[in-house]
Each structure stands twice: as structure tokens, then as C-alpha cells.
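Engineer: To start, I am sharing the structure in question, which I have written as C-alpha cells.
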Amino acid sequence: MYDRTVSAWSPAPWFLVSRPLGPSDEVVRQGVIDLLDRAIGSARVTRIVAPSGYGKTSALRQWADRAEGPVAWLTLTEFDDDPVRLHRGIVSSLKRSAEAVGGEASHRLLQLIPDVNRLAASYDALISALERTAASLVLVVDDAHLGGEALRDTVAHLVGDGTSSTIHLVLAGSADVDLPSKLRIDGALADVSPAALAFTAAEVDQLTATLGITGDASLAERIIDRTGGWPAAVRAVLFDVTDSAAIRGHTGSRAIVDLVAEEVLPRLGSDLAAFVLAATTCTRLDANLARALTGRTDSAALLEACVRRGLFIDRYEDGDETVVYRWHVVLAEACQAILGERDAEALERLHRTAALALRDDYPLPAVDHALRAGDGELAVDIIATSWAGILLQAGASALERACRTLPRPWSASPEVLHARACCLDVAGDRLGAALLAERAVALAAEIEPGRRARAALVAAEAALLLADEHPVLLAAVDDLTRLLKSATDLPPRTYGHLLFLAGWAEMRLRRSPEHAIRLLESARLEAIAVGDDVVAHRAGVNAAFALTFAGRFRDAEARLDESNAALAVRADWNAYDGGIEATARGYIAFHRGEAEEATRHLTGMVGGDAGNGPYALLAAFHLVLIAADAGDPVGLDRAEQALDRFPATPAHGMPWPEYAVFARCRAALARGHADEALDLARSIADLRFVPVMAGMLAEVHRQLGTIDEAEACLDALDAQPVPPYARVGTLVTRALIAAEREVGDDAQSLVEQALSLAVAERVARPFTGDDPMLRSLLAERAARGTRHDGFLADLLARSEHDGGRLRAGVQLSRREREVLGYLRSSLTTAEIAEALFVSVNTVKTHQRAIYRKLGVTSRREAIRLSI
């Protein structure tokens, strides 16, 4: 079968990391095996370049079957010129080899989780893991010419200066395999030429004997003379030939076509020959696809018959007995040429059948088959229903290439132009994306009525990715939701992708996190149902962030813990949600007042591989707030530098200019630049769609003494849905305003409301900080009594850590400050010990030390002195 268009880290399909199984009666090419042994043993990289049909795969399989050490195998596809996809294949192949070897030496390699967003570091980790293995390992890369420049760079990563013996590479391809010139200069490269793979007369004699062909003594020499020893041509000549007089023709592609048409297929019998002509429509297939192409219910048995007869087909078998077959390109192309000459319409029907069979699971190969069938409308329809899924699986570059291969008028279809626009958007070409989208909208008005519904659905999908302004994104989400309700014939996979996009965009609207969660959860379940692990993972982590934003921190953490780290997002999609998991965890820690933990999660996002994606920007924003909260001038200078990368206009529904201005406002306030902070605060015109920031802005105005403006912000928030953790902040700000106005009972009532809302998710940040009035309110709340003794005790302990003021000369240890905070609460000594996970005697020891240092003799005196 074909490789999926998945470039996020997930294991490559098993049949691409397995070496093919050889027939039991094949001729063992000992001379070639010995040659490969010498070449592989003499250099870090062995390159084998020869035309199709020279037996490269068979020769390497024979060598690998007899090799003393471990051999990993990777077959490339036409999509593997992508660095991340290639990395996925290499790691998958090496892991599969390690599984076969087993033992402690393979453990580190098996535990390795690649970081596809930092390829150089990931290759370093891979090499480090390989160095722990017991023996040198050989990696065979078949069809290496398909790796292009990505393979060249990969070889440089793996081989380095060519002096290490960690891994040996064998690269086999039918076209040039470009490699760093330094390998040859350093003597780290060995080349095997086509001539070395050509059959010798002795091998032809062996082959004729195996096939039961009789002939005179000159038969082998005549075959060599006519074929040049080209293995495919030799086998084609000899296949089921019983009379040496049947040998004729010339070398070259036409000769192969003639040999297959006149000698190979007739000897199969009409039944099997018809099956082969139809089944070779797809180079890689399984029994189900063969059944779709041929209409034969016995397709599995017929494929096995082809293998037994040595008919230019490789067989790959997985541990669960799943079998995939790959026709040799020489035979497949010859059969296609034969069928095209005999019945061009039948060939087109077969390609159309292949396109329909492959469209759901392998859409890009399906597009190629649709074009070979001459059915541009089908190709457009496949792109229209699959492009979003391809993007979700980070196949933007492959999708762009597929769109460009369409002939006119199909290449100018609104659906195709919208898909291409989103590819450009993912790649960061916002202007190019906008221009293509404008063309698509203009052309959509001119298409025939029967295509308008499909074009409208694609346009609504694309708008979710391309819209920047909040009102435009809002309209796009509502349009897609309306169209989804009326679209009853969507394939399940496509429906799941659309649910994901709707939930993903709804999350950016911030109008209903719970609705976003429902959409993303539905998308996750749809993806699981169709076996789409990558999109299921993507929907899961986005649902986790939606849960985070909604204030359901525990549920978000549970979902993040369930997510498969091995399905990490690759570089293409980083434009949208790169680093989402780390940002979600950092966001939770931030609002829980766990500054160190938040910083740990968020720091790696800034300036990392997530680039200037939305989650990298969110991380930068929160790092400024953390440094401002801590009053850390060095950290503030460092964090504020990242604000220069914020977009000057909204992007994908996020008001980044307002984020940057507010962050600079908090930085100015932390530095004591009140006038600058006030000017920045007043320049923020509209925070309707960012309620969390609006609540923070109210607190900034309170600290600046502009109480009327603080209350205006709070009043506006009262009229709209606000996440619970943000509501905690607004209640605390109102309590502080009430305290400043000396309305004590109102202040205490508001503190209790805030505690009630905060306790379930441990939202602590609004209660922390070096604000004497806030500490006084909390201490008074403890004295009056609360329904949340344990939580309040923890907050009081934190306030001591954050700089509770003691009289001059008094120095308490960190633990003593924590215990003093708990002493302010109504918790008993036993309850304090339980909260701190220590013994009662340990608490009493700290208590005595606190009394001694403060010069008091009772808990009440200690509390009064420390407030």
C-alpha cells in the first residue's frame, strides 16, 4: 500500500520498515553478496545506483538475510523527500530492528521518543541511543533516490565525519543518490555500479536450471549478449520459456514491454495474466485493493501465486499476518503500457477504481490515479474532501504539489485554490494565501450550481485557517457549523476533520470553551473510530487546552497525561498549534501561582521550534507576567524582548497587539513606571474577546489608583461569560477596592466568594504577591473563619514565602515561614502536619523556633506580630 500523508511523529507503516521475503527457490547470488559485504565493511556509506530491474532489492535482501549483525530496512516513497517524514521512517526502522534484537542494549533505542520539531537534536539523541547498542548496525534505505535533499542532510546527521562506527548506511536507488562530497574525500563512501549487479553467465545457468529450462551450452551467453545481464530482462526472457529459440528482442524499456506481453503474460494463462494486468495498476497493494481492482474474490490467493512463481513482486508480512505486496516497477510499468495499448479505456477505469478505493486512507496517491484516469473532477473532489485532513497530518508541501499537478481548468477550481491558500498560510506566506483565497472567492461565484455546496463547504473550512479578525472568524465558524448540519454525505474521516477545525476555531473565539471542548472531543472520537491516530492526538491536546482555558485544570491535566508524546506535532502545523501541550501546562501552573513550574514549561517555547506560532507567543506573554509578579528586573528584560516578535495586527482571531501592549504595561508597572503603565493601559481599546486579560487590566488600574477605570473593566466583565479562574481575580480585585474604601464586610464576603470559586482547581495566583492589604484580607478571613480552611492555610503559607513582613532582624527559614502561614489559619497542629506531610512533632519543633525568633509565647501573638 501507499504511505499515508502523515508527517507527525507516528511509526511508519510496518511494510515500509520490513525487508521483503524472498522465494525459497531463488538463485543465491553469492558473488554479489560477497561484493556487498566488502563494500559495506569498507565504508560508512555504501551507495548502489542502478536502473529499475537490476535486482538491487533482491541482492540486498539476500545479503541482509546472511549478515552477522543487525540490519534495519526502510523503503522510501515519493513523499519521503520531507525531512520529518524521512526521520520518522529511519527511527521506525531502527526501532523495529531493535525489537527483533531485544536485550538490554536495545532498551534505550526502544524508549527513544523523537522530537520532530528539532531534527538535529533528535538525530543526536538517536546516535547516542545507537552507541549503547551492542553491535554496529546497518540501515538499508531502498528507493533512496526518492529521499532527495532530505536524505543528503540525513546522511550528514547520521554519519557526521565518517569516523564513528555506530551505524552503516546502504543506499539503493534507481536514480542518482546525491551525497555530501566530504564522504568520498574522507574515504567513507563505497559505490556499487550497475555492472556489478548484472547477471553473469554462471548465474543465468543457475537460473535456467531452477526454472527447468533446457538449452544448448551457449544459451547463457546468448542471453547475456542480448540483455547485457540486466536481471529484469534476463528473468523476463526466461520466465516459463521452454525453448531457447524463444529468446529474442533487445535491451531497453520497449524490449521489456514486448517480453512481458509476448512471453511472460501468455505463459501465466489467461486467468492469472488478466489479474496481473489489472492488479499492477497500483504498485503497492494488499488483497483488498487487488480485489477492488480485479473483481476477484480470490485475490489473496492469486497474489501468493505470483510470489511463488517469482513474478517480480515483493511480499511484506507484519507480525499480525497482515500482508502487503509491491510489484517491481519494471513489471508494473510494462503491464500499464500493455494495457494502455490494448484497451486504454479499461486502463482509465482501473485508475478510477484505484482512486475511489484509496481516497479515504491515501488521498494523495488517489489524486494521482484520478489524473491518470483523466478524471479531473474526481481529483478535485478528493482534494475537496481530504485537504483539511492532509493539513492536520502536516502534509502541506505534498498537498501543494498535488494541487499544482492538476491540469486546467481543475487547477483553477475554487476548492483547489482554497486548499493551496491554506498550504501557503501554514508555510507562513500570508500574502500569497490571501491572494489565492481572493481568487477562489471570485471564481466560486461562477461555478455551476451542482458544485456550489462543495465549494461553499471548502470555503468555510479555509476561512477558519485564514481569518484574522475576530468577527470574520466568528462568521466563518457559524457558516461551517450551519453547513455541517446540512452535509449528510460526508465520509466519516472528513466529518471528523471538519469537527476538529470547528472546535479549533471555536477555541480561538473564546466565546464558549465548553462548546469547543464538545467539538474537539467529538473529533477525537471520530478519528479513533477510523484509526487516524495523529488527528485523534491533535484533537485530544487541543481539547486539553480548551479545558485549560475553561478553567477545568484537573480534566486538562488528565487529558494531557493520556496524550501520546510519540505523536508530537511536526514543523508544518507548528504555525497553528506547535507547543500546545507545554503551553497548557504552563498556563495551568501560572494560574495556580506556581511560577517556577510555569516558567519551566513556558521557557522552552520562546525562541524554540514553535517559532512565532500562537502558543509560543502566549508563552512569551505569560513569562513577562511571571517576571513582573516576581519583581525580577533581569527576568523582565529578558522576557520583554520576545514581545518584539508579536504581530502588529490580529492573526487567526487572536488580538496580538493588545497582548503585547498589556505585557508592556505590566512590565512598566513592575519597574515602578506608573505614568507609562497608565498610558499603555488606557491605549487598550477593546478586550471584549479576551476576558482573562480584561480582568488583569482591572487589577492594574486598581494598583495605579484609577479605581473608576478598574470598576468599568469589572462591570463589563460581569455582563459576559468569564472562566472561573479569571472570575476569582475579579472578585479579589473588587475585595481590595472595597477594603481601600474601608467597607470591610463587603471585602470579606468577596474574599470568601473568591475562595469558594478557587478551591476546586487550586487557583492561587490572584491571592499571591507582595501586597500587604491582600495579606491582611486573607489573615482576617482566617480569623473570622472560612469553609476552606486548608486552601486558605496554603495561601497564607505562600504569602509568607512571597515576602511576609517581619520585624527587623527576624530571619525565618523557608519552612518556618510556611508553618507560620499555616498557623494563621484555623487548622490544628495535626491538620497542619497532614497538609505538610510531616509529623506533628516536626510541626511543633518549627513552631517553637518561630516563637523563639519572634519573641512570643503563643500562636495568637505570633499571628498578630506577623500580620
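Note on naming: chains are A, B, ... as they come in the C-alpha cells, residues start from 1 per chain, ligands start from 1 in the order shown.
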Tell me which protein, DNA and RNA residues are within 9 Å of segment 822-825 of chain A, counting only C-alpha atoms, leaving out same-chain ones fewer than 6 positions away, and put them as a count of residues only.
Structural biologist: 20
Engineer: In Å to one decimal, how far is atom CA of Leu130 of chain A from atom CA of Gln62 of chain A?
Structural biologist: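 For atom CA of Gln62 of chain A relative to atom CA of Leu130 of chain A, the distance reads 24.4 Å.
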Engineer: So how far away is atom CA of Lys485 of chain A from atom CA of Leu436 of chain A, in Å?
Structural biologist: 27.5 Å
Engineer: Excluding same-chain residues fewer than 4 positions from segment 674-679 of chain A, what lies within 10 Å of it counting only C-alpha atoms, as an NGL selection string?
Structural biologist: :A and (661-670 or 683-684 or 700-701 or 703-706)
